[in-house]
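Trainee: One structure follows; several queries about it will come next.
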Amino acid sequence: MSCLFCKIVEKKIPSKIVYEDERVLAFEDINPQAPIHILVIPKKHISTSLEIKSDDNELVGYMVQVANNIAKEKNIAERGFRLVMNCNRESGQTVFHIHLHLFGGRIMHWPPG
Ligand code: AMP
Ligand code: ZN
C-alpha cells in the first residue's frame, strides 16, 4: 500500500492527531495554510471524491460532523471556517485519499486561488 494517508492511518508515518475513532482520523496539515489547518480523512481508502459511493454517504457526512466538532473545540465555529475537498489535478489534489481540509483562524478570501 503506497498511499501516504493510509500509512498515517496505520501509524507507519507520524502525524499530529487531533481526533481519532474507528472510522475517521483528523490530524494537523504538515504545511499549514491558515492558523488552524486540519485534515479529516476516512480510515477507509477512497482515492477522490469521484469514488465516493452511495454506501459511503454516511461516512462522508460523518467527516463533516467531525470537522464541525473540531471547529467548535478550536473556537472558530462562530467566527467561521472553511471546508475544502479537492478533486483531481486542476483543483490541486496531491494526495489521492480523500480528505477534508478544515481552515480557520483568519479571514478566508473568495474566490479561492
Ligand atoms: P491536497 O492538495 O488537497 O491533496 O492536500 C494534501 C495536503 O496534505 C496538503 O495540504 C499537504 O500539506 C498535506 N500533507 C502532505 N503530507 C502530509 C503529512 N505527512 N502529514 C500531514 N499533512 C500532509
Ligand atoms: Zn489511502
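So you can find residues: chains in the C-alpha cells are A, B, ... in the order shown, residues in each start at 1, and ligands are numbered from 1 in order.
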Taking only C-alpha atoms and all ligand atoms into account, list the residues no farther than 8 Å from ligand 1, as a PyMOL selection string.

Mentor: chain A and resi 4-5+8+13-16+27-33+39+84-87+91-101

Trainee: DSSP on the backbone: which residues in chain A end up as alpha helix (DSSP H)? Give the answer as a PyMOL selection string.

Mentor: chain A and resi 4-9+57-73

Trainee: Between A:Cys6, A:Lys43, A:Asn57, A:Gly105, which residue has the minimum interatomic distance to A:Glu78, considering only C-alpha atoms?

Mentor: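 Of A:Cys6, A:Lys43, A:Asn57, A:Gly105, the one nearest A:Glu78, counting only C-alpha atoms, is A:Gly105.
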
Trainee: Could you tell me which of A:Met63, A:Ile70, A:Ile46, A:Ile17 comes closest to ligand 2 if we count only C-alpha atoms and all ligand atoms?

Mentor: A:Ile46

Trainee: Env of A:Val60: 8 Å cut, atoms = only C-alpha atoms, seq-sep filter 4 positions within chain, self excluded. Answer as a ChimeraX atom specification.

Mentor: /A:42,56,64

Trainee: Which value, in Å to one decimal, gives the distance between atom CA of A:Arg23 and atom CA of A:Leu102?

Mentor: 17.7 Å
